[in-house]
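**Q** Next comes my_file07.cif, mmCIF, C-alpha atoms and all ligand atoms:
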```cif
data_query
loop_
_atom_site.group_PDB
_atom_site.id
_atom_site.type_symbol
_atom_site.label_atom_id
_atom_site.label_comp_id
_atom_site.auth_asym_id
_atom_site.auth_seq_id
_atom_site.Cartn_x
_atom_site.Cartn_y
_atom_site.Cartn_z
ATOM 1 C CA MET L 1 162.345 -107.495 108.509
ATOM 2 C CA THR L 2 159.985 -105.777 106.110
ATOM 3 C CA SER L 3 162.280 -102.775 105.972
ATOM 4 C CA LEU L 4 165.158 -105.070 104.999
ATOM 5 C CA ILE L 5 163.172 -106.492 102.130
ATOM 6 C CA SER L 6 162.173 -103.117 100.818
ATOM 7 C CA LEU L 7 165.777 -101.957 101.111
ATOM 8 C CA ARG L 8 166.872 -104.818 98.901
ATOM 9 C CA HIS L 9 164.227 -103.820 96.382
ATOM 10 C CA LEU L 10 165.428 -100.258 96.462
ATOM 11 C CA ARG L 11 168.924 -101.384 95.597
ATOM 12 C CA LEU L 12 167.701 -103.176 92.504
ATOM 13 C CA LEU L 13 165.511 -100.304 91.489
ATOM 14 C CA PRO L 14 168.034 -98.029 89.759
ATOM 15 C CA ALA L 15 169.189 -100.807 87.424
ATOM 16 C CA LEU L 16 165.591 -101.605 86.665
ATOM 17 C CA LEU L 17 164.798 -97.979 85.996
ATOM 18 C CA VAL L 18 167.648 -97.617 83.546
ATOM 19 C CA LEU L 19 166.306 -100.621 81.696
ATOM 20 C CA ILE L 20 162.765 -99.289 81.665
ATOM 21 C CA LEU L 21 163.929 -95.896 80.519
ATOM 22 C CA ALA L 22 165.751 -97.464 77.616
ATOM 23 C CA LEU L 23 162.472 -99.086 76.640
ATOM 24 C CA VAL L 24 160.525 -95.859 77.027
ATOM 25 C CA GLY L 25 162.716 -94.024 74.575
ATOM 26 C CA ALA L 26 164.183 -96.854 72.536
ATOM 27 C CA GLN L 27 162.648 -95.598 69.349
ATOM 28 C CA LEU L 28 163.827 -92.044 69.633
ATOM 29 C CA ASP L 29 167.353 -92.544 68.316
ATOM 30 C CA ALA L 30 166.161 -94.456 65.304
ATOM 31 C CA ALA L 31 163.398 -91.959 64.637
ATOM 32 C CA ALA L 32 163.001 -91.008 61.009
ATOM 33 C CA PRO L 33 162.463 -87.353 60.139
ATOM 34 C CA ILE L 34 158.937 -86.090 60.647
ATOM 35 C CA ALA L 35 157.565 -83.558 58.186
ATOM 36 C CA ASP L 36 154.315 -82.502 59.869
ATOM 37 C CA LYS L 37 155.187 -79.683 62.251
ATOM 38 C CA HIS L 38 152.447 -80.545 64.755
ATOM 39 C CA VAL L 39 153.622 -84.125 64.972
ATOM 40 C CA LYS L 40 157.178 -82.896 65.296
ATOM 41 C CA ARG L 41 156.230 -80.705 68.233
ATOM 42 C CA ARG L 42 154.509 -83.494 70.108
ATOM 43 C CA VAL L 43 157.515 -85.785 69.599
ATOM 44 C CA GLU L 44 159.787 -82.972 70.810
ATOM 45 C CA LEU L 45 157.608 -82.676 73.889
ATOM 46 C CA MET L 46 158.120 -86.381 74.550
ATOM 47 C CA ALA L 47 161.881 -86.017 74.056
ATOM 48 C CA THR L 48 161.917 -83.213 76.639
ATOM 49 C CA GLN L 49 160.202 -85.430 79.186
ATOM 50 C CA LYS L 50 162.550 -88.269 78.441
ATOM 51 C CA ALA L 51 165.562 -86.005 79.060
ATOM 52 C CA ALA L 52 164.140 -84.847 82.412
ATOM 53 C CA LEU L 53 163.362 -88.391 83.475
ATOM 54 C CA THR L 54 166.828 -89.537 82.404
ATOM 55 C CA THR L 55 168.375 -86.918 84.698
ATOM 56 C CA LEU L 56 166.427 -88.375 87.626
ATOM 57 C CA ALA L 57 167.225 -91.984 86.704
ATOM 58 C CA ASP L 58 170.925 -91.130 86.341
ATOM 59 C CA MET L 59 170.922 -89.709 89.864
ATOM 60 C CA MET L 60 169.168 -92.791 91.191
ATOM 61 C CA ALA L 61 171.623 -95.098 89.452
ATOM 62 C CA GLY L 62 174.583 -93.077 90.761
ATOM 63 C CA ARG L 63 175.754 -92.103 87.297
ATOM 64 C CA ILE L 64 175.503 -88.474 88.287
ATOM 65 C CA VAL L 65 175.650 -87.023 91.793
ATOM 66 C CA PHE L 66 172.310 -86.286 93.416
ATOM 67 C CA ASP L 67 171.598 -82.591 93.142
ATOM 68 C CA ALA L 68 168.322 -81.367 94.639
ATOM 69 C CA SER L 69 168.117 -78.244 92.512
ATOM 70 C CA LYS L 70 168.665 -80.215 89.292
ATOM 71 C CA ALA L 71 166.144 -82.809 90.441
ATOM 72 C CA LYS L 72 163.614 -80.102 91.210
ATOM 73 C CA ALA L 73 164.174 -78.524 87.789
ATOM 74 C CA ALA L 74 163.530 -81.922 86.163
ATOM 75 C CA ARG L 75 160.341 -82.227 88.193
ATOM 76 C CA ARG L 76 159.162 -78.810 86.993
ATOM 77 C CA THR L 77 159.936 -79.779 83.383
ATOM 78 C CA LEU L 78 157.906 -82.959 83.784
ATOM 79 C CA ILE L 79 154.938 -81.124 85.299
ATOM 80 C CA LYS L 80 154.977 -78.641 82.428
ATOM 81 C CA SER L 81 155.478 -81.202 79.659
ATOM 82 C CA THR L 82 152.901 -83.704 80.904
ATOM 83 C CA GLY L 83 150.522 -80.758 81.289
ATOM 84 C CA ASP L 84 151.031 -79.990 77.582
ATOM 85 C CA ILE L 85 150.339 -83.513 76.273
ATOM 86 C CA ARG L 86 146.631 -82.911 75.856
ATOM 87 C CA LYS L 87 147.119 -79.713 73.838
ATOM 88 C CA ARG L 88 149.820 -81.229 71.612
ATOM 89 C CA PHE L 89 147.710 -84.249 70.681
ATOM 90 C CA LYS L 90 144.275 -82.679 70.537
ATOM 91 C CA LYS L 91 144.073 -82.421 66.748
ATOM 92 C CA PRO L 92 144.265 -85.788 65.002
ATOM 93 C CA ARG L 93 147.483 -85.358 63.049
ATOM 94 C CA MET L 94 149.439 -88.179 61.511
ATOM 95 C CA ASP L 95 152.768 -88.588 59.772
ATOM 96 C CA PRO L 96 154.234 -91.693 58.131
ATOM 97 C CA ASN L 97 156.998 -91.705 60.750
ATOM 98 C CA SER L 98 154.784 -91.047 63.728
ATOM 99 C CA HIS L 99 154.363 -93.784 66.318
ATOM 100 C CA ALA L 100 151.005 -92.528 67.520
ATOM 101 C CA ARG L 101 148.087 -94.916 67.170
ATOM 102 C CA PRO L 102 144.868 -93.518 65.654
ATOM 103 C CA LEU L 103 143.149 -95.079 68.676
ATOM 104 C CA ILE L 104 144.133 -91.869 70.530
ATOM 105 C CA TRP L 105 141.386 -89.938 68.773
ATOM 106 C CA GLN L 106 138.861 -92.746 68.986
ATOM 107 C CA GLN L 107 139.316 -92.867 72.752
ATOM 108 C CA TRP L 108 140.191 -89.244 73.374
ATOM 109 C CA ARG L 109 138.667 -89.161 76.877
ATOM 110 C CA ASP L 110 140.822 -92.045 78.002
ATOM 111 C CA PHE L 111 143.926 -90.506 76.430
ATOM 112 C CA GLU L 112 143.216 -87.259 78.294
ATOM 113 C CA THR L 113 142.793 -89.173 81.529
ATOM 114 C CA ARG L 114 146.183 -90.809 81.096
ATOM 115 C CA ALA L 115 147.808 -87.480 80.336
ATOM 116 C CA ALA L 116 146.231 -86.069 83.508
ATOM 117 C CA ARG L 117 147.476 -89.070 85.474
ATOM 118 C CA ALA L 118 150.995 -88.459 84.177
ATOM 119 C CA LYS L 119 150.771 -84.858 85.343
ATOM 120 C CA ASP L 120 149.621 -86.000 88.786
ATOM 121 C CA ALA L 121 152.584 -88.366 88.928
ATOM 122 C CA ALA L 122 154.924 -85.507 87.969
ATOM 123 C CA LYS L 123 153.454 -83.332 90.717
ATOM 124 C CA GLY L 124 153.874 -86.227 93.116
ATOM 125 C CA LEU L 125 157.611 -86.435 92.456
ATOM 126 C CA SER L 126 159.629 -85.790 95.581
ATOM 127 C CA ALA L 127 162.860 -84.224 94.372
ATOM 128 C CA HIS L 128 164.324 -82.960 97.652
ATOM 129 C CA THR L 129 166.106 -86.161 98.537
ATOM 130 C CA MET L 130 167.404 -89.319 96.928
ATOM 131 C CA ASN L 131 164.920 -91.369 98.950
ATOM 132 C CA GLY L 132 162.157 -89.176 97.646
ATOM 133 C CA LEU L 133 163.206 -89.988 94.088
ATOM 134 C CA LEU L 134 163.420 -93.703 94.811
ATOM 135 C CA ARG L 135 159.934 -93.572 96.240
ATOM 136 C CA THR L 136 158.220 -91.483 93.546
ATOM 137 C CA VAL L 137 159.991 -91.878 90.185
ATOM 138 C CA PRO L 138 158.625 -95.408 89.540
ATOM 139 C CA ASN L 139 155.088 -94.017 89.586
ATOM 140 C CA MET L 140 156.098 -91.406 87.003
ATOM 141 C CA MET L 141 157.614 -94.032 84.725
ATOM 142 C CA GLN L 142 154.582 -96.221 85.121
ATOM 143 C CA ALA L 143 152.420 -93.344 83.870
ATOM 144 C CA CYS L 144 154.626 -92.941 80.765
ATOM 145 C CA LEU L 145 154.664 -96.638 80.009
ATOM 146 C CA SER L 146 150.985 -97.258 80.541
ATOM 147 C CA CYS L 147 150.065 -94.635 77.957
ATOM 148 C CA HIS L 148 152.656 -95.901 75.472
ATOM 149 C CA GLU L 149 151.382 -99.433 75.863
ATOM 150 C CA THR L 150 147.983 -98.434 74.524
ATOM 151 C CA TYR L 151 148.637 -95.443 72.302
ATOM 152 C CA ARG L 152 152.123 -95.795 70.860
ATOM 153 C CA ASP L 153 153.361 -98.326 68.360
ATOM 154 C CA THR L 154 156.291 -100.443 69.422
ATOM 155 C CA PRO L 155 159.245 -101.110 67.087
ATOM 156 C CA ASN L 156 157.953 -104.655 66.554
ATOM 157 C CA ASP L 157 154.668 -103.353 65.254
ATOM 158 C CA PHE L 158 156.644 -101.496 62.657
ATOM 159 C CA ILE L 159 158.576 -104.508 61.539
ATOM 160 C CA THR L 160 155.586 -106.806 61.345
ATOM 161 C CA HIS L 161 153.044 -104.437 59.773
HETATM 162 C C1 LIG L 201 148.941 -89.732 77.482
HETATM 163 C C2 LIG L 201 149.873 -90.562 76.752
HETATM 164 C C3 LIG L 201 151.357 -90.455 76.931
HETATM 165 C C4 LIG L 201 152.045 -90.199 78.083
HETATM 166 C C5 LIG L 201 151.508 -89.988 79.493
HETATM 167 C C6 LIG L 201 153.448 -90.209 77.738
HETATM 168 N N1 LIG L 201 153.610 -90.452 76.391
HETATM 169 FE FE1 LIG L 201 155.383 -90.534 75.388
HETATM 170 N N2 LIG L 201 154.379 -90.830 73.652
HETATM 171 C C7 LIG L 201 153.022 -90.940 73.518
HETATM 172 C C8 LIG L 201 152.680 -91.110 72.115
HETATM 173 C C9 LIG L 201 151.293 -91.277 71.543
HETATM 174 C C10 LIG L 201 153.907 -91.095 71.402
HETATM 175 C C11 LIG L 201 154.102 -91.194 69.879
HETATM 176 C C12 LIG L 201 154.042 -89.790 69.277
HETATM 177 C C13 LIG L 201 154.247 -89.766 67.782
HETATM 178 O O1 LIG L 201 155.159 -90.478 67.297
HETATM 179 O O2 LIG L 201 153.521 -89.044 67.088
HETATM 180 C C14 LIG L 201 154.955 -90.912 72.410
HETATM 181 C C15 LIG L 201 156.316 -90.843 72.116
HETATM 182 C C16 LIG L 201 157.331 -90.760 73.051
HETATM 183 C C17 LIG L 201 158.739 -90.754 72.737
HETATM 184 C C18 LIG L 201 159.335 -90.815 71.357
HETATM 185 C C19 LIG L 201 159.555 -92.233 70.949
HETATM 186 C C20 LIG L 201 158.954 -92.452 69.620
HETATM 187 O O3 LIG L 201 157.887 -93.069 69.532
HETATM 188 O O4 LIG L 201 159.556 -92.008 68.620
HETATM 189 C C21 LIG L 201 159.423 -90.661 73.919
HETATM 190 C C22 LIG L 201 160.931 -90.626 74.128
HETATM 191 C C23 LIG L 201 158.426 -90.592 74.974
HETATM 192 N N3 LIG L 201 157.160 -90.661 74.409
HETATM 193 C C24 LIG L 201 158.717 -90.463 76.308
HETATM 194 C C25 LIG L 201 157.763 -90.299 77.313
HETATM 195 C C26 LIG L 201 158.065 -90.112 78.718
HETATM 196 C C27 LIG L 201 159.462 -90.081 79.302
HETATM 197 C C28 LIG L 201 156.866 -89.982 79.353
HETATM 198 C C29 LIG L 201 156.602 -89.770 80.819
HETATM 199 C C30 LIG L 201 157.221 -88.660 81.469
HETATM 200 C C31 LIG L 201 155.817 -90.089 78.360
HETATM 201 N N4 LIG L 201 156.398 -90.281 77.136
HETATM 202 C C32 LIG L 201 154.468 -89.992 78.647
HETATM 203 C C33 LIG L 201 152.091 -90.910 74.537
HETATM 204 C C34 LIG L 201 152.353 -90.618 75.859
#
```
Kindly return the structure encoded in the file as structure tokens.

**A**
Amino acid sequence: MTSLISLRHLRLLPALLVLILALVGAQLDAAAPIADKHVKRRVELMATQKAALTTLADMMAGRIVFDASKAKAARRTLIKSTGDIRKRFKKPRMDPNSHARPLIWQQWRDFETRAARAKDAAKGLSAHTMNGLLRTVPNMMQACLSCHETYRDTPNDFITH
């Protein structure tokens, strides 16, 4: 019985993930040019992670065929990129078109912790099988979203401020 319920959840998951992923990167397409090269590099880092995560979500949603070697490459990209977050944000740099909140540098310890948590989630990705992805990708996405919630401005903030 319990396995049936979780199976039903798993079926809904890919659609949900596609939706969440759209939210994670919604601002990227509309992004205005960024002049500061340090800010540019940290946004590029984020775009790299989004691309890797999109590959995994596309496999889960059946938009591309599951391919273990591609999935493993995406996992490696995510481990590397999440591992670089700390370094890319360490210096308090701002740009008019950046979505980073200054709170990052007021609560640097917490920001670091969330970056470390994202790296743990990337390491925890199981990319050998489709079931592994279904089991572990949500935790990865949760780590992205939880940091954005606190440290990244949403489009609405931009309209209303
Ligand atoms: C420790 C915090 C943190 C984590 C973890 C994190 N991000 Fe980000 N992300 C940010 C911040 C801050 C920005 C805004 C950077 C800027 O505009 O200067 C951002 C920006 C982005 C952007 C660009 C959108 C925009 O604002 O223009 C994308 C896409 C993105 N992140 C994807 C991801 C994905 C995918 C993950 C998970 C694999 C992730 N992020 C994990 C903090 C984080």

**Q** Just say which residues the PyMOL selection byres (((not hetatm)) within 6 of (chain L and resi 201)) picks in this file, as a tab-separated table (two decimals) with C-alpha atoms, in the coordinates of the input.

**A**
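What landed in out-v5.tsv:
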```
chain	number	residue	atom	x	y	z
L	24	VAL	CA	160.52	-95.86	77.03
L	25	GLY	CA	162.72	-94.02	74.58
L	27	GLN	CA	162.65	-95.60	69.35
L	28	LEU	CA	163.83	-92.04	69.63
L	31	ALA	CA	163.40	-91.96	64.64
L	39	VAL	CA	153.62	-84.12	64.97
L	43	VAL	CA	157.51	-85.78	69.60
L	46	MET	CA	158.12	-86.38	74.55
L	47	ALA	CA	161.88	-86.02	74.06
L	49	GLN	CA	160.20	-85.43	79.19
L	50	LYS	CA	162.55	-88.27	78.44
L	53	LEU	CA	163.36	-88.39	83.48
L	98	SER	CA	154.78	-91.05	63.73
L	99	HIS	CA	154.36	-93.78	66.32
L	100	ALA	CA	151.00	-92.53	67.52
L	111	PHE	CA	143.93	-90.51	76.43
L	114	ARG	CA	146.18	-90.81	81.10
L	115	ALA	CA	147.81	-87.48	80.34
L	118	ALA	CA	151.00	-88.46	84.18
L	141	MET	CA	157.61	-94.03	84.72
L	143	ALA	CA	152.42	-93.34	83.87
L	144	CYS	CA	154.63	-92.94	80.76
L	147	CYS	CA	150.06	-94.64	77.96
L	148	HIS	CA	152.66	-95.90	75.47
L	151	TYR	CA	148.64	-95.44	72.30
L	152	ARG	CA	152.12	-95.80	70.86
```

**Q** If I take atom CA of Lys90 of chain L and atom CA of Arg75 of chain L, how far is one from the other in Å, to one decimal?

**A**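 These atoms are spaced 23.9 Å apart.
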
**Q** With the file shown as input, list the residues that the PyMOL selection byres (((chain L and resi 69-74) around 10) and not hetatm) selects, as an NGL selection string.

**A** :L and (48-49 or 51-57 or 59 or 66-68 or 75-80 or 122 or 125-130 or 133)

**Q** I'd like the interatomic distance between atom CA of Arg117 of chain L and atom CA of Asp153 of chain L, to a tenth of an Å.

**A**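 Between these atoms lies a distance of 20.3 Å.
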
**Q** Name every residue that the PyMOL selection byres (((chain L and resi 34) around 8) and not hetatm) selects in this structure, writing the answer as an MDAnalysis selection string with chains first and numbers rising.

**A** chainID L and resid 32:33 35:37 39:40 95:98

**Q** May I ask for the distance between atom CA of Trp108 of chain L and atom CA of Leu17 of chain L, given in Å to one decimal place?

**A**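 That distance, rounded to one decimal, is 29.0 Å.
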
**Q** Let me make sure I understand: among L:Ala116, L:Asp110, L:Asp58, L:Trp105, which one has the smallest atom-to-atom distance to Gly83 of chain L if we use only C-alpha atoms?

**A**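 When distances to Gly83 of chain L are compared using only C-alpha atoms, the smallest one comes from L:Ala116.
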
**Q** Name the closest residue to Met60 of chain L among the candidates L:Leu21, L:Pro14, L:Pro138, L:Ile85; distances are taken between atoms, counting all atoms listed in the file.

**A** L:Pro14

**Q** Atoms are missing here; could segment 64-81 of chain L be completed with N, CA, C and O atoms and written as a PDB file, in the coordinates of the input?

**A**
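Output saved as selection_12.pdb:
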```
ATOM      1  N   ILE L  64     175.166 -89.856  87.957  1.00  0.00           N
ATOM      2  CA  ILE L  64     175.503 -88.474  88.287  1.00  0.00           C
ATOM      3  C   ILE L  64     175.158 -88.251  89.761  1.00  0.00           C
ATOM      4  O   ILE L  64     174.318 -88.952  90.317  1.00  0.00           O
ATOM      5  N   VAL L  65     175.830 -87.288  90.365  1.00  0.00           N
ATOM      6  CA  VAL L  65     175.650 -87.023  91.793  1.00  0.00           C
ATOM      7  C   VAL L  65     174.259 -86.416  92.015  1.00  0.00           C
ATOM      8  O   VAL L  65     173.800 -85.604  91.213  1.00  0.00           O
ATOM      9  N   PHE L  66     173.620 -86.860  93.109  1.00  0.00           N
ATOM     10  CA  PHE L  66     172.310 -86.286  93.416  1.00  0.00           C
ATOM     11  C   PHE L  66     172.451 -84.785  93.652  1.00  0.00           C
ATOM     12  O   PHE L  66     173.325 -84.335  94.374  1.00  0.00           O
ATOM     13  N   ASP L  67     171.580 -84.036  93.013  1.00  0.00           N
ATOM     14  CA  ASP L  67     171.598 -82.591  93.142  1.00  0.00           C
ATOM     15  C   ASP L  67     170.144 -82.130  93.219  1.00  0.00           C
ATOM     16  O   ASP L  67     169.398 -82.225  92.243  1.00  0.00           O
ATOM     17  N   ALA L  68     169.740 -81.677  94.412  1.00  0.00           N
ATOM     18  CA  ALA L  68     168.322 -81.367  94.639  1.00  0.00           C
ATOM     19  C   ALA L  68     167.814 -80.293  93.681  1.00  0.00           C
ATOM     20  O   ALA L  68     166.682 -80.375  93.204  1.00  0.00           O
ATOM     21  N   SER L  69     168.643 -79.310  93.372  1.00  0.00           N
ATOM     22  CA  SER L  69     168.117 -78.244  92.512  1.00  0.00           C
ATOM     23  C   SER L  69     167.933 -78.751  91.081  1.00  0.00           C
ATOM     24  O   SER L  69     166.960 -78.389  90.405  1.00  0.00           O
ATOM     25  N   LYS L  70     168.841 -79.606  90.618  1.00  0.00           N
ATOM     26  CA  LYS L  70     168.665 -80.215  89.292  1.00  0.00           C
ATOM     27  C   LYS L  70     167.443 -81.121  89.267  1.00  0.00           C
ATOM     28  O   LYS L  70     166.697 -81.173  88.291  1.00  0.00           O
ATOM     29  N   ALA L  71     167.286 -81.893  90.361  1.00  0.00           N
ATOM     30  CA  ALA L  71     166.144 -82.809  90.441  1.00  0.00           C
ATOM     31  C   ALA L  71     164.838 -82.033  90.449  1.00  0.00           C
ATOM     32  O   ALA L  71     163.863 -82.413  89.794  1.00  0.00           O
ATOM     33  N   LYS L  72     164.834 -80.907  91.149  1.00  0.00           N
ATOM     34  CA  LYS L  72     163.614 -80.102  91.210  1.00  0.00           C
ATOM     35  C   LYS L  72     163.315 -79.472  89.845  1.00  0.00           C
ATOM     36  O   LYS L  72     162.156 -79.349  89.451  1.00  0.00           O
ATOM     37  N   ALA L  73     164.373 -79.084  89.131  1.00  0.00           N
ATOM     38  CA  ALA L  73     164.174 -78.524  87.789  1.00  0.00           C
ATOM     39  C   ALA L  73     163.582 -79.588  86.862  1.00  0.00           C
ATOM     40  O   ALA L  73     162.688 -79.301  86.057  1.00  0.00           O
ATOM     41  N   ALA L  74     164.068 -80.829  86.992  1.00  0.00           N
ATOM     42  CA  ALA L  74     163.530 -81.922  86.163  1.00  0.00           C
ATOM     43  C   ALA L  74     162.062 -82.156  86.505  1.00  0.00           C
ATOM     44  O   ALA L  74     161.235 -82.389  85.614  1.00  0.00           O
ATOM     45  N   ARG L  75     161.737 -82.068  87.780  1.00  0.00           N
ATOM     46  CA  ARG L  75     160.341 -82.227  88.193  1.00  0.00           C
ATOM     47  C   ARG L  75     159.467 -81.149  87.556  1.00  0.00           C
ATOM     48  O   ARG L  75     158.400 -81.442  87.011  1.00  0.00           O
ATOM     49  N   ARG L  76     159.937 -79.904  87.599  1.00  0.00           N
ATOM     50  CA  ARG L  76     159.162 -78.810  86.993  1.00  0.00           C
ATOM     51  C   ARG L  76     158.975 -79.028  85.498  1.00  0.00           C
ATOM     52  O   ARG L  76     157.896 -78.814  84.957  1.00  0.00           O
ATOM     53  N   THR L  77     160.034 -79.481  84.818  1.00  0.00           N
ATOM     54  CA  THR L  77     159.936 -79.779  83.383  1.00  0.00           C
ATOM     55  C   THR L  77     158.869 -80.830  83.140  1.00  0.00           C
ATOM     56  O   THR L  77     158.053 -80.701  82.218  1.00  0.00           O
ATOM     57  N   LEU L  78     158.872 -81.866  83.969  1.00  0.00           N
ATOM     58  CA  LEU L  78     157.906 -82.959  83.784  1.00  0.00           C
ATOM     59  C   LEU L  78     156.472 -82.503  84.051  1.00  0.00           C
ATOM     60  O   LEU L  78     155.549 -82.936  83.356  1.00  0.00           O
ATOM     61  N   ILE L  79     156.293 -81.638  85.032  1.00  0.00           N
ATOM     62  CA  ILE L  79     154.938 -81.124  85.299  1.00  0.00           C
ATOM     63  C   ILE L  79     154.457 -80.325  84.090  1.00  0.00           C
ATOM     64  O   ILE L  79     153.339 -80.501  83.608  1.00  0.00           O
ATOM     65  N   LYS L  80     155.341 -79.479  83.579  1.00  0.00           N
ATOM     66  CA  LYS L  80     154.977 -78.641  82.428  1.00  0.00           C
ATOM     67  C   LYS L  80     154.709 -79.517  81.190  1.00  0.00           C
ATOM     68  O   LYS L  80     153.693 -79.346  80.511  1.00  0.00           O
ATOM     69  N   SER L  81     155.612 -80.435  80.908  1.00  0.00           N
ATOM     70  CA  SER L  81     155.478 -81.202  79.659  1.00  0.00           C
ATOM     71  C   SER L  81     154.276 -82.150  79.706  1.00  0.00           C
ATOM     72  O   SER L  81     153.512 -82.227  78.741  1.00  0.00           O
TER      73      SER L  81
END
```
